[in-house]
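Since the structure comes first, as structure tokens, the remarks are kept for the end.
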Amino acid sequence: MTWASKCSTLALVAAMAAASPAHAQDAAGDEGAASQSNENQLTTIVVTAQRREASVQDTSAAISAFSGDALEENRTLSFEDLAGQATSLSFTALSPLDQEFNIRGITNTRLDSPSADQSVGIFVDDVYVGRSGLFNFDLFDVDRVEVVRGPQGVLLGKNVVGGAISIYSARPEFSYGGSLTASYGNYDEKLVRGHVTGPLSEAVAARLAFQVRNRDGFNQDIVHDVDLDNVDSIQLRGQVSFEPLDSDFAAVIIADYTNDDSNGFHSVVFDGPAAGAGPWSTARAQVAALRPEGLDVRESLPDYQTYKGDVAPTPQQLHREAFGLALNMSYDYGFATLTSVTGYREGEAYSVYDQTGIGPSNPFGITIPLLFRSPVREREEINQFTQELRLVSPEQDERGFDFIIGGYYQHDEVSKDDIISFEIAVPAIPTLNGQSAWFNEGTNEAFAIFGQLGYRFSEKFRVVGGVRYSRDEKRGVVRGLALETGDRFTPNDPVPSSPLSPTYPEGGGYTTSYSDSWEELTPQITAEFKPNDNILLYGTFSTGFKGGGFEDDPANPLAAQSSYDPETVDNIEIGGKFELFNRAARLNIAGFSMRYKDLQVTQTSDVCLCNITDNAADAKIKGIEAELQVLPFTGLLLSGGLTLLDTEYIEFTDSVGNVNDGKFLQRTPDYQFNVSARYTTDLGSWTDGFSANLSYSEQGGMSWNPEGSANEDGYGLLDGRISISPNPDLTFSIWGRNLTDKLYRTNAIAFFGDETSRLGAPRTYGAEISINF
């Protein structure tokens with residue numbers, strides 16, 4: 001889709017918006033009695049993205065919000081599920097520890113070193129989660145999720161360049177109640193979740209929530225006869241809130257625990273764009289010819305590695321365990337409210353996977369040239385402490401000033417070990433055998449002070465300006481070690497395996513320290529114009545900052561000590577939010593232009609067999625977004641979202657030698673849209689006894705790497721749900737996701753003419769019963 005056609009689409013949307021205000025104003029009528037009792041009005045969600053409670057329609061930012069009920073109804077369990085519903089949000093993953101969130105083309109691509117920051121911030125109850133791979137919660141017992149698009153460089157906890165996903169858990173209630181949901185689906189999926197809540201005294205309430213999920217894998221390891229990408233998880237959350245009577249003080253403490261295990265994930269290799277098939281896809285074709293039943297795309301032959309010092313091979317596997325505490329306290333002084341958010345998180349993860357899913361040790365004895373294997377073992381531990389203080393005055397209804405001031409501190413201790421093994425039969429290539437290891441102990445500290453001042457000139461017009469000073473300090477010690485040289489084919493080869501350098505100090509490896517620091521001022525200014533209660537127009541200039549870092553598996557001390565630079569983004573955005581037809585319709589639109597500086601890009605080089613992080617000289621992103629909700633008549637809700645992007649690398653020649661000037665940003669769809677319809681009606685004497693929901697999301701084509709040599713065609717996913725409710729406290733449902741059983745990828749790496757890939761979930765379906773009490 002050309003930029004001209006995208007602009008035409010924007011013009012059409014703008015025309016719709018321009019035509020609607022008069023009607024909206026007429027329909028507003030007696031706004032004070034806002035007919036929330038009118039069944040044919042859209043509900044609103046209160047958000048806190050700008051640190052004051054306001055509805056999405058009164059928030060001068062591009063934001064999508066999802067209530068907990070909507071998430072449950074759509075069976076939104078993961079961020080991958082959420083990506084199909086949230087405008088401009090997409091999701092990819094190299095591995096379960098390398099989750100990649102993309103908002104408007106800005107993503108953290110395969111950056112998982114102890115010093116790496118996220119481009120899109122994840123916040124849980126206002127606490128920043130620094131390591132996305134250790135945030136493995138399903139979205140259960142949630143009050144709401146806010147997806148804020150664009151750089152958040154002033155108010156939103158940690159400074160982020162792309163946007164933020166904020167999850168808010170459901171709070172304790174001062175009345176007794178609870179719920180229980182049980183679900184069974186294909187792949188023998190069993191899910192049970194629930195919560196109980198109620199008062200412990202006049203001032204204290206508590207809530208306990210849990211979820212247990214178990215599912216067979218979508219894919220199969222045919223060598224060891226185990227399924228892959230299976231799920232076995234348990235999650236718990238407990239809360240206690242303290243709200244003393246006749247007091248302006250309130251507090252809530254939240255503890256969460258999660259533990260999940262699986263047999264690891266499935267890697268499958270497709271032919272790349274180069275002439276002829278690569279070694280792994282050729283080997284798969286030969287295996288398929290030898291097996292009477294062939295070789296399905298969801299079957300692989302991963303190799304189990306015997307690591308140095310072990311007496312038995314280590315199976316593919318994934319284990320993650322995490323614990324978190326959050327304490328949120330506030331006191332209302334009248335002129336302003338002081339809030340303290342204290343967070344502590346710790347977690348550990350252990351992952352072993354075969355990158356290509358087939359190698360020369362396969363049981364079929366296939367040893368074609370360049371068919372090497374490279375299992376990866378990752379172990380990660382993190383302890384994170386965060387503290388935020390902010391003082392927020394009420395927003396002025398009439399002429400006058402309002403303010404927000406605050407500070408933020410974060411301290412991370414990250415320990416990460418990586419072991420990569422290589423084995424090759426023919427030809428004998430020294431750098432493709434043996435085992436390399438990196439043991440990395442990193443410490444990251446972030447400091448920030450921020451302030452925002454708003455002035456309301458009238459009931460209709462307000463200007464807000466803010467600035468944040470951020471300083472990131474990162475340091476650590478990394479040891480690169482040649483654990484073993486040679487393999488079973490060439491056991492006496494003395495050369496260490498790639499990507500470690502072939503020359504070392506004494507001891508067969510190196511140990512070195514690294515450190516660097518960066519600081520940045522990120523301003524933001526917004527003008528808001530609200531001609532009536534149903535229209536909000538805004539214009540924003542905002543900036544964001546993401547600190548630099550160091551490579552995960554550096555080849556030598558010099559590479560270990562060399563940091564990559566921070567990245568920054570400047571964003572100019574104009575948006576409008578409209579309530580139409582007596583609030584039976586809602587239209588939100590935004591157009592933006594971003595200048596992305598020193599973009600951090602990581603890719604795999606088949607020259608050094610290593611990951612290299614570059615700073616692209618610059619990149620630019622232009623786009624438009626639109627979200628529409630309509631209630632044509634009582635019981636039917638239609639909604640949709642659209643994103644159109646035009647992105648471009650500027651003056652970017654990477655370390656591999658590829659000239660990427662003018663190329664579209666990697667892992668970024670050129671368009672995305674989602675549409676859904678929900679219909680609710682009485683069923684006999686049962687009020688609202690029947691509901692049906694159908695949703696479809698589609699994303700356009702994209703490239704997995706900057707040079708555009710590994711591409712993904714656009715695809716769409718169809719989901720649905722039908723529910724019957726004899727009463728408001730009892731619901732029976734059947735559900736399905738990816739109903740057309742679309743085959744799509746969540747990751748691909750171009751390598752020696754092949755594309756090593758991970759697959760998305762196939763068709764899943766099941767039945768569910770929910771009880772409220």
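For the structure tokens, the naming scheme is as follows: chains receive sequential letters (A, B, ...) according to their order of presentation, residues are indexed from 1 within each chain, and ligands are indexed from 1 in presentation order.
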Name the residues in contact with region 191-196 of chain A at a cut-off of 9 Å, using only C-alpha atoms, excluding same-chain residues fewer than 4 positions from it; report them as a PyMOL selection string.
chain A and resi 140-141+172+176-185+206-215+768+773
Which neighbours of region 713-728 of chain A fall inside 7 Å, counting only C-alpha atoms, when residues of the same chain fewer than 6 positions from it are skipped, and could you give them as a PDB file with C-alpha atoms, in the first residue's frame?
```pdb
ATOM      1  CA  TRP A 686     -33.108 -15.486  30.362  1.00  0.00           C
ATOM      2  CA  GLY A 689     -29.006 -15.194  27.931  1.00  0.00           C
ATOM      3  CA  PHE A 690     -27.249 -15.504  24.542  1.00  0.00           C
ATOM      4  CA  SER A 691     -24.137 -13.797  23.209  1.00  0.00           C
ATOM      5  CA  ALA A 692     -21.896 -14.412  20.235  1.00  0.00           C
ATOM      6  CA  ASN A 693     -18.588 -12.787  19.424  1.00  0.00           C
ATOM      7  CA  LEU A 694     -16.609 -12.998  16.181  1.00  0.00           C
ATOM      8  CA  SER A 695     -13.310 -11.181  15.593  1.00  0.00           C
ATOM      9  CA  TYR A 696     -10.807 -11.038  12.766  1.00  0.00           C
ATOM     10  CA  SER A 697      -7.353  -9.481  12.798  1.00  0.00           C
ATOM     11  CA  GLU A 698      -4.931  -9.114   9.912  1.00  0.00           C
ATOM     12  CA  GLN A 699      -1.427  -7.796   9.507  1.00  0.00           C
ATOM     13  CA  GLY A 700       0.375  -6.971   6.293  1.00  0.00           C
ATOM     14  CA  GLY A 701       3.643  -8.305   5.006  1.00  0.00           C
ATOM     15  CA  MET A 702       6.914  -7.620   6.781  1.00  0.00           C
ATOM     16  CA  ILE A 734     -17.679 -22.602  23.433  1.00  0.00           C
ATOM     17  CA  TRP A 735     -14.705 -20.808  21.918  1.00  0.00           C
ATOM     18  CA  GLY A 736     -12.250 -21.076  19.062  1.00  0.00           C
ATOM     19  CA  ARG A 737      -9.067 -19.280  18.034  1.00  0.00           C
ATOM     20  CA  ASN A 738      -7.412 -19.255  14.613  1.00  0.00           C
ATOM     21  CA  LEU A 739     -10.532 -20.964  13.317  1.00  0.00           C
ATOM     22  CA  THR A 740      -9.187 -21.166   9.761  1.00  0.00           C
ATOM     23  CA  LYS A 742      -3.761 -20.410   9.404  1.00  0.00           C
TER      24      LYS A 742
END
```
May I ask for the distance between CA of Phe137 (chain A) and CA of His319 (chain A), given in Å to one decimal place?
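So the two atoms, CA of Phe137 (chain A) and CA of His319 (chain A), lie 13.3 Å apart.
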Just asking: which residues within region 536-688 of chain A are alpha helix (DSSP H) according to DSSP, as an MDAnalysis selection string?
chainID A and resid 557:561
Keeping only C-alpha atoms, write the selected residues to a file as an mmCIF file, in the first residue's frame.
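Everything below was put into selection.cif:
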```cif
data_model
loop_
_atom_site.group_PDB
_atom_site.id
_atom_site.type_symbol
_atom_site.label_atom_id
_atom_site.label_comp_id
_atom_site.auth_asym_id
_atom_site.auth_seq_id
_atom_site.Cartn_x
_atom_site.Cartn_y
_atom_site.Cartn_z
ATOM 1 C CA PRO A 557 37.397 -8.439 25.351
ATOM 2 C CA LEU A 558 37.273 -5.485 22.962
ATOM 3 C CA ALA A 559 33.813 -6.495 21.765
ATOM 4 C CA ALA A 560 32.727 -7.041 25.378
ATOM 5 C CA GLN A 561 33.807 -3.541 26.384
#
```
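Our summary of the geometry notes that CA of Ala205 (chain A) is positioned 18.2 Å from CA of Tyr331 (chain A).
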If we count only C-alpha atoms and set the cut-off at 12 Å, which residues sit around Gly548 (chain A), ignoring sequence neighbours fewer than 2 positions away in its own chain? Please answer as a PyMOL selection string.
chain A and resi 111+113-119+444+446+471-475+515-520+545-546+550-551+562-568+598-601+613-615
